[in-house]
Amino acid sequence: MAKRRKGRRVFLPPRKVRQFHHFLAVERDAIVARCSAEGRFTHAATDRTVLRTGRYALVLDGGARNWPYGRIGPAERRRLVRRTGEPLWLWLADDGRPLESAAWQAVFRRANARCASFGIEIEVHPHTLRHTYAVYMLGLLLRQTVRALGRPLDGPLSHAELRRLLIGNPMRTLQLLLGHAREATVYVYLDVSDEAQEIVLAALAEWDAQSVALERAGEAS
């Protein structure tokens with residue numbers, strides 16, 4: 001659930017999915033077991049007890065219809081509990097309640113303070129990770145597209161067609177990975193990625209050189 005209450009699909013590599021399952025089976029399960037033994041999971045008046053969950057929606061205890069995940073906002077998600085009183089929120093604090101957003105901010109503040117203590121002038125926030133991911137992923141997608149251009153093509157590409165191939169496909173992929181509604185939103189990362197610009201310019205120059213060589217070969221024959 002993103003800003004403006006928009007449900008988005010997030011793609012994760014298999015390695016990260018395995019890490020989540022490990023966290024659920026080991027670390028989170030240990031918190032749940034301890035808090036259950038201490039009797040911490042008691043139903044509050046604001047809790048919403050979940051009867052069952054599916055792939056795309058859940059059903060509340062006493063509810064008549066499915067509640068799609070894409071329509072459940074962050075505040076509402078924090079109120080979802082099992083019949084045992086255990087929150088369905090993924091990240092739990094030591095007391096078994098959903099981890100507050102302030103706790104995540106504190107993690108970054110402590111990390112920034114440690115960097116500063118070593119003389120590393122850096123200020124990182126949660127959104128910095130998303131921004132950094134986008135810039136590096138854009139470079140990776142562009143390099144993959146350039147490598148794909150080395151494969152046999154059905155016919156020659158014009159300069160404009162090549163530019164659309166280099167920019168359009170990677171940017172569309174990046175849009176899907178970041179969950180933006182419009183492709184134009186992700187073009188901002190081209191402005192901050194010198195590497196992306198260099199990859200595109202180098203690929204265009206190489207393509208031009210190959211086109212000239214092919215033309216000369218054709219004229220010679």
# chains A, B, ... in the order shown; residues from 1 in each chain; ligands from 1

call {"tool": "select_by_dssp", "arguments": {"residues": "range 67-139 of chain A", "states": "alpha helix (DSSP H)", "output": "count of residues only"}}
result
35

call {"tool": "atom_distance", "arguments": {"atom1": "CA of Gln175 in chain A", "atom2": "CA of Gly139 in chain A"}}
result
13.9 Å

call {"tool": "residues_around", "arguments": {"residues": "Leu80 in chain A", "least_positions_apart": "2", "cutoff": "6 Å", "atoms": "only C-alpha atoms", "output": "VMD selection string"}}
result
chain A and resid 48 to 49 77 to 78 87 to 88

call {"tool": "atom_distance", "arguments": {"atom1": "CA of Arg114 in chain A", "atom2": "CA of Leu178 in chain A"}}
result
29.3 Å
